[in-house]
Each structure stands twice: as structure tokens, then as C-alpha cells.
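Coordinates as given in protein_8.pdb (PDB, C-alpha atoms):
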MODEL        1
ATOM      1  CA  MET J   1      -5.926   7.536  -3.322  1.00  0.00           C
ATOM      2  CA  ASN J   2      -5.716   3.885  -4.225  1.00  0.00           C
ATOM      3  CA  GLN J   3      -8.904   1.915  -4.675  1.00  0.00           C
ATOM      4  CA  PRO J   4      -8.975  -1.184  -2.463  1.00  0.00           C
ATOM      5  CA  ILE J   5      -9.317  -4.566  -4.111  1.00  0.00           C
ATOM      6  CA  THR J   6     -12.913  -5.622  -3.562  1.00  0.00           C
ATOM      7  CA  SER J   7     -11.987  -8.825  -1.748  1.00  0.00           C
ATOM      8  CA  ASP J   8      -9.729  -6.812   0.556  1.00  0.00           C
ATOM      9  CA  SER J   9     -12.453  -4.333   1.445  1.00  0.00           C
ATOM     10  CA  PRO J  10     -13.059  -3.999   5.191  1.00  0.00           C
ATOM     11  CA  LEU J  11     -16.815  -3.683   4.523  1.00  0.00           C
ATOM     12  CA  ASN J  12     -19.133  -6.110   2.808  1.00  0.00           C
ATOM     13  CA  ALA J  13     -21.554  -4.866   0.119  1.00  0.00           C
ATOM     14  CA  VAL J  14     -24.391  -4.180   2.576  1.00  0.00           C
ATOM     15  CA  GLN J  15     -22.137  -2.325   5.012  1.00  0.00           C
ATOM     16  CA  ARG J  16     -20.624  -0.295   2.183  1.00  0.00           C
ATOM     17  CA  ALA J  17     -24.093   0.735   0.963  1.00  0.00           C
ATOM     18  CA  ILE J  18     -25.048   1.798   4.504  1.00  0.00           C
ATOM     19  CA  PHE J  19     -21.716   3.621   4.808  1.00  0.00           C
ATOM     20  CA  ASP J  20     -22.528   5.730   1.725  1.00  0.00           C
ATOM     21  CA  VAL J  21     -26.084   6.449   2.894  1.00  0.00           C
ATOM     22  CA  VAL J  22     -24.822   7.602   6.293  1.00  0.00           C
ATOM     23  CA  LEU J  23     -22.246   9.865   4.645  1.00  0.00           C
ATOM     24  CA  ASP J  24     -25.035  11.452   2.606  1.00  0.00           C
ATOM     25  CA  GLN J  25     -26.954  11.988   5.837  1.00  0.00           C
ATOM     26  CA  LEU J  26     -23.984  13.545   7.614  1.00  0.00           C
ATOM     27  CA  ILE J  27     -23.155  15.979   4.805  1.00  0.00           C
ATOM     28  CA  PRO J  28     -25.763  16.003   2.034  1.00  0.00           C
ATOM     29  CA  GLU J  29     -25.144  17.350  -1.435  1.00  0.00           C
ATOM     30  CA  ASP J  30     -25.977  21.020  -1.976  1.00  0.00           C
ATOM     31  CA  PRO J  31     -26.319  21.523  -5.743  1.00  0.00           C
ATOM     32  CA  THR J  32     -27.208  25.217  -5.405  1.00  0.00           C
ATOM     33  CA  ARG J  33     -23.800  25.893  -3.841  1.00  0.00           C
ATOM     34  CA  GLN J  34     -22.069  23.195  -5.923  1.00  0.00           C
ATOM     35  CA  LYS J  35     -21.079  21.260  -2.810  1.00  0.00           C
ATOM     36  CA  PRO J  36     -20.793  17.477  -3.117  1.00  0.00           C
ATOM     37  CA  SER J  37     -22.061  15.117  -0.455  1.00  0.00           C
ATOM     38  CA  ALA J  38     -19.591  13.436   1.886  1.00  0.00           C
ATOM     39  CA  ALA J  39     -20.082  10.195  -0.070  1.00  0.00           C
ATOM     40  CA  ASP J  40     -18.683  11.897  -3.186  1.00  0.00           C
ATOM     41  CA  VAL J  41     -15.309  13.007  -1.804  1.00  0.00           C
ATOM     42  CA  GLY J  42     -13.565   9.670  -1.187  1.00  0.00           C
ATOM     43  CA  VAL J  43     -14.159   9.266   2.545  1.00  0.00           C
ATOM     44  CA  PHE J  44     -13.934   5.468   2.353  1.00  0.00           C
ATOM     45  CA  GLU J  45     -10.469   5.601   0.785  1.00  0.00           C
ATOM     46  CA  TYR J  46      -9.408   8.371   3.174  1.00  0.00           C
ATOM     47  CA  ILE J  47     -10.317   6.296   6.235  1.00  0.00           C
ATOM     48  CA  LEU J  48      -8.785   3.179   4.677  1.00  0.00           C
ATOM     49  CA  GLU J  49      -5.526   5.043   4.148  1.00  0.00           C
ATOM     50  CA  ARG J  50      -5.314   6.992   7.416  1.00  0.00           C
ATOM     51  CA  TYR J  51      -7.452   5.137   9.978  1.00  0.00           C
ATOM     52  CA  PRO J  52      -7.712   1.491   8.845  1.00  0.00           C
ATOM     53  CA  GLU J  53      -7.993   0.272  12.441  1.00  0.00           C
ATOM     54  CA  SER J  54     -11.309   2.112  12.807  1.00  0.00           C
ATOM     55  CA  PHE J  55     -13.114  -0.162  10.353  1.00  0.00           C
ATOM     56  CA  GLU J  56     -13.738  -2.831  12.976  1.00  0.00           C
ATOM     57  CA  GLU J  57     -15.851  -0.384  14.995  1.00  0.00           C
ATOM     58  CA  ILE J  58     -17.403   1.169  11.887  1.00  0.00           C
ATOM     59  CA  ARG J  59     -18.456  -2.322  10.740  1.00  0.00           C
ATOM     60  CA  ARG J  60     -20.017  -3.045  14.114  1.00  0.00           C
ATOM     61  CA  GLN J  61     -21.940   0.229  14.162  1.00  0.00           C
ATOM     62  CA  LEU J  62     -23.176  -0.080  10.571  1.00  0.00           C
ATOM     63  CA  THR J  63     -24.415  -3.589  11.356  1.00  0.00           C
ATOM     64  CA  GLU J  64     -26.155  -2.221  14.451  1.00  0.00           C
ATOM     65  CA  LEU J  65     -27.798   0.479  12.346  1.00  0.00           C
ATOM     66  CA  ASP J  66     -29.075  -2.121   9.884  1.00  0.00           C
ATOM     67  CA  ALA J  67     -30.326  -4.328  12.733  1.00  0.00           C
ATOM     68  CA  GLN J  68     -32.188  -1.372  14.257  1.00  0.00           C
ATOM     69  CA  ALA J  69     -33.863  -0.675  10.923  1.00  0.00           C
ATOM     70  CA  SER J  70     -34.831  -4.342  10.567  1.00  0.00           C
ATOM     71  CA  SER J  71     -36.296  -4.553  14.057  1.00  0.00           C
ATOM     72  CA  SER J  72     -38.136  -1.206  13.882  1.00  0.00           C
ATOM     73  CA  HIS J  73     -39.289  -1.192  10.263  1.00  0.00           C
ATOM     74  CA  GLN J  74     -38.735  -4.766   8.964  1.00  0.00           C
ATOM     75  CA  MET J  75     -36.543  -3.359   6.182  1.00  0.00           C
ATOM     76  CA  ARG J  76     -32.846  -2.958   5.549  1.00  0.00           C
ATOM     77  CA  TYR J  77     -31.477   0.465   6.389  1.00  0.00           C
ATOM     78  CA  THR J  78     -30.738   1.229   2.736  1.00  0.00           C
ATOM     79  CA  GLU J  79     -34.345   0.400   1.759  1.00  0.00           C
ATOM     80  CA  LEU J  80     -35.871   2.920   4.170  1.00  0.00           C
ATOM     81  CA  ASN J  81     -36.905   6.343   2.929  1.00  0.00           C
ATOM     82  CA  ARG J  82     -34.725   9.263   4.027  1.00  0.00           C
ATOM     83  CA  GLU J  83     -37.065  10.242   6.857  1.00  0.00           C
ATOM     84  CA  LEU J  84     -36.953   6.763   8.424  1.00  0.00           C
ATOM     85  CA  GLN J  85     -33.189   6.554   7.906  1.00  0.00           C
ATOM     86  CA  ASP J  86     -32.782   9.850   9.768  1.00  0.00           C
ATOM     87  CA  GLU J  87     -35.101   8.638  12.534  1.00  0.00           C
ATOM     88  CA  THR J  88     -33.212   5.344  12.923  1.00  0.00           C
ATOM     89  CA  LEU J  89     -29.850   7.080  13.018  1.00  0.00           C
ATOM     90  CA  ARG J  90     -31.171   9.631  15.515  1.00  0.00           C
ATOM     91  CA  GLN J  91     -32.495   6.862  17.806  1.00  0.00           C
ATOM     92  CA  LEU J  92     -29.136   5.140  17.967  1.00  0.00           C
ATOM     93  CA  HIS J  93     -27.341   8.440  18.427  1.00  0.00           C
ATOM     94  CA  GLU J  94     -29.625   9.335  21.343  1.00  0.00           C
ATOM     95  CA  GLN J  95     -28.817   6.004  22.994  1.00  0.00           C
ATOM     96  CA  ASP J  96     -25.081   6.552  22.523  1.00  0.00           C
ATOM     97  CA  ARG J  97     -23.851  10.067  21.713  1.00  0.00           C
ATOM     98  CA  ARG J  98     -20.625   8.608  20.330  1.00  0.00           C
ATOM     99  CA  PHE J  99     -22.490   6.444  17.817  1.00  0.00           C
ATOM    100  CA  LEU J 100     -20.785   6.772  14.403  1.00  0.00           C
ATOM    101  CA  LEU J 101     -18.476   9.514  15.662  1.00  0.00           C
ATOM    102  CA  ILE J 102     -15.636   7.266  14.487  1.00  0.00           C
ATOM    103  CA  LEU J 103     -17.016   7.770  10.966  1.00  0.00           C
ATOM    104  CA  ALA J 104     -18.183  11.386  11.239  1.00  0.00           C
ATOM    105  CA  LEU J 105     -14.886  12.957  12.283  1.00  0.00           C
ATOM    106  CA  PRO J 106     -12.762  11.530   9.440  1.00  0.00           C
ATOM    107  CA  ALA J 107     -15.627  12.273   7.030  1.00  0.00           C
ATOM    108  CA  VAL J 108     -15.489  15.962   7.944  1.00  0.00           C
ATOM    109  CA  GLU J 109     -11.674  15.937   7.753  1.00  0.00           C
ATOM    110  CA  CYS J 110     -11.776  14.454   4.277  1.00  0.00           C
ATOM    111  CA  TYR J 111     -14.658  16.661   3.144  1.00  0.00           C
ATOM    112  CA  TYR J 112     -12.795  19.893   3.747  1.00  0.00           C
ATOM    113  CA  LEU J 113      -9.737  18.610   1.878  1.00  0.00           C
ATOM    114  CA  ASP J 114     -11.734  18.427  -1.341  1.00  0.00           C
ATOM    115  CA  ASN J 115     -11.072  21.296  -3.770  1.00  0.00           C
ATOM    116  CA  ARG J 116     -14.739  21.489  -4.818  1.00  0.00           C
ATOM    117  CA  VAL J 117     -15.781  22.059  -1.220  1.00  0.00           C
ATOM    118  CA  MET J 118     -13.143  24.707  -0.628  1.00  0.00           C
ATOM    119  CA  ALA J 119     -14.175  26.574  -3.788  1.00  0.00           C
ATOM    120  CA  ALA J 120     -17.867  26.294  -2.842  1.00  0.00           C
ATOM    121  CA  ILE J 121     -17.253  27.937   0.532  1.00  0.00           C
ATOM    122  CA  GLY J 122     -15.200  30.717  -1.041  1.00  0.00           C
ATOM    123  CA  LEU J 123     -11.723  29.620  -0.015  1.00  0.00           C
ATOM    124  CA  PRO J 124      -8.802  28.980  -2.321  1.00  0.00           C
ATOM    125  CA  ALA J 125      -8.388  25.328  -3.242  1.00  0.00           C
ATOM    126  CA  ARG J 126      -4.845  25.145  -1.925  1.00  0.00           C
ATOM    127  CA  ALA J 127      -2.976  24.632   1.271  1.00  0.00           C
ATOM    128  CA  PRO J 128      -2.719  27.759   3.431  1.00  0.00           C
ATOM    129  CA  TYR J 129       1.067  27.442   3.555  1.00  0.00           C
ATOM    130  CA  PRO J 130       3.598  28.244   2.006  1.00  0.00           C
ATOM    131  CA  GLU J 131       1.727  30.707  -0.240  1.00  0.00           C
ATOM    132  CA  GLY J 132      -0.409  31.256   2.763  1.00  0.00           C
ATOM    133  CA  PHE J 133      -1.477  33.823   5.112  1.00  0.00           C
ATOM    134  CA  THR J 134       0.417  36.387   7.114  1.00  0.00           C
ATOM    135  CA  VAL J 135       1.211  35.107  10.576  1.00  0.00           C
ATOM    136  CA  HIS J 136       1.441  37.947  13.047  1.00  0.00           C
ATOM    137  CA  ARG J 137       3.994  37.760  15.788  1.00  0.00           C
ATOM    138  CA  GLY J 138       2.208  37.348  19.076  1.00  0.00           C
ATOM    139  CA  ASP J 139       2.880  38.641  22.553  1.00  0.00           C
ATOM    140  CA  LEU J 140       4.837  35.748  24.049  1.00  0.00           C
ATOM    141  CA  SER J 141       4.925  37.422  27.464  1.00  0.00           C
ATOM    142  CA  LEU J 142       1.655  35.576  28.089  1.00  0.00           C
ATOM    143  CA  LEU J 143       3.818  32.473  28.546  1.00  0.00           C
ATOM    144  CA  ASP J 144       5.878  34.035  31.356  1.00  0.00           C
ATOM    145  CA  PRO J 145       3.831  32.470  34.182  1.00  0.00           C
ATOM    146  CA  VAL J 146       4.329  29.050  32.633  1.00  0.00           C
ATOM    147  CA  ARG J 147       8.066  29.604  32.235  1.00  0.00           C
ATOM    148  CA  GLU J 148       8.349  30.900  35.828  1.00  0.00           C
ATOM    149  CA  ARG J 149       6.635  27.780  37.146  1.00  0.00           C
ATOM    150  CA  GLY J 150       9.617  25.810  35.953  1.00  0.00           C
ATOM    151  CA  GLN J 151       9.797  22.122  35.205  1.00  0.00           C
ATOM    152  CA  ILE J 152       6.723  20.246  36.380  1.00  0.00           C
ATOM    153  CA  TRP J 153       7.478  16.904  34.763  1.00  0.00           C
ATOM    154  CA  ARG J 154       9.764  14.136  35.848  1.00  0.00           C
ATOM    155  CA  ARG J 155      12.733  13.322  33.657  1.00  0.00           C
ATOM    156  CA  THR J 156      13.045   9.686  32.630  1.00  0.00           C
TER
ENDMDL
END

Have the structure of the file written as C-alpha cells, please.
Amino acid sequence: MNQPITSDSPLNAVQRAIFDVVLDQLIPEDPTRQKPSAADVGVFEYILERYPESFEEIRRQLTELDAQASSSHQMRYTELNRELQDETLRQLHEQDRRFLLILALPAVECYYLDNRVMAAIGLPARAPYPEGFTVHRGDLSLLDPVRERGQIWRRT
């Protein structure tokens, strides 16, 4: 994945630091299983490449997270210890269950594309197809009621 030019980055330095801290909170490193943290698998570049329009909302939410830390603890989010970071993130998530979901979902997508993660969880570090797995032919008679219903949409 291409590295963005710093001046073209959708996040400023503070937001980028918070971004990496939050990724480490979402999926922390597990050295015993040789699993990297979410911050170590290129999530920023992944989102920049596939979901660039989401950065406006990510920016807003990271700024809100930093503001919450400043108002509650008189420190920047990145300066808090891990326990206070978790508490601050949890508070905002309890207020809005969708808080940082726009970051979490692509982070998980990207995480499980990383070969180190796949190897750590005991799966081959390759795509499942074409070498892939046997696909068993299913019983398509389960679709008969849908077919019998006929067309239920309007042609344009």
C-alpha cells in the first residue's frame, strides 16, 4: 500500500497518534501468540485506500476523544495511562454505541488480511480460493418457495 505524503494526510499529528492508540486498544498485540496489534498491520493505509470518505468522521471522533480526555483528566488522550484511555473510550462508547465503529470495522477487515495474523490463528496465509476449500453442492430446493412467489419487484 502506498504511504500518503505527510501534507496530504487526512489526520494531523495529534489525531494520528490517537488513531494508533485506539487501534492498539481495539486489537492489542499478543506476543505469546505472535499476533501484532491492529496498529501494526497498516490500517491507516487500508482505510485511506478503500474508505477515504470515512476520515472526516474519524477525525471528528478522534478530536472528541481527545476533548473528553482533556475535560475529564486535563491531559491529552495519548498522555493518559492505558487504564484511563480505556475508561475514556468506554465512556464515549456508552454515550453512543456507534462511536468509532467507522474505525473498528475496517480495522478488523484489515487485521485479518495480514499474513502474520492468519498464521497466528492457524490458518494458511493465502486466499481461500482458487486453491481453496471444497464447496459442497447444496439443496437448492430450499429456494422453491421464493421461486414460486414469482416477481415481487417492479421493472423500470

request  = Could you please determine the separation between CA of Lys35 in chain J and CA of Ala107 in chain J in Å, to one decimal place?
outcome  =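 According to the coordinates, CA of Lys35 in chain J and CA of Ala107 in chain J are separated by 14.4 Å.
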
Target residues per the PyMOL selection byres ((chain J and resi 53-56) around 12), formatted as number ranges by chain = J: 9-12, 15-16, 19, 44-52, 57-63, 100-106

task = Please provide as a VMD selection string all residues within 12 Å of Ala67 in chain J, with the sequence filter that same-chain residues fewer than 4 positions apart are discarded (counting only C-alpha atoms).
result = chain J and resid 14 to 15 18 60 to 63 71 to 78 88 to 89 92

request  = Would you list the contacts of Val41 in chain J as a PyMOL selection string, taking every protein, DNA or RNA residue within 12 Å and counting only C-alpha atoms, but skipping same-chain residues closer than 3 positions in sequence?
outcome  = chain J and resi 1+20+23-24+27-29+35-38+44-47+106-118

ask   = Which value, in Å to one decimal, gives the distance between CA of Ala69 in chain J and CA of Gln95 in chain J?
value =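 Going from CA of Ala69 in chain J over to CA of Gln95 in chain J, I get 14.7 Å.
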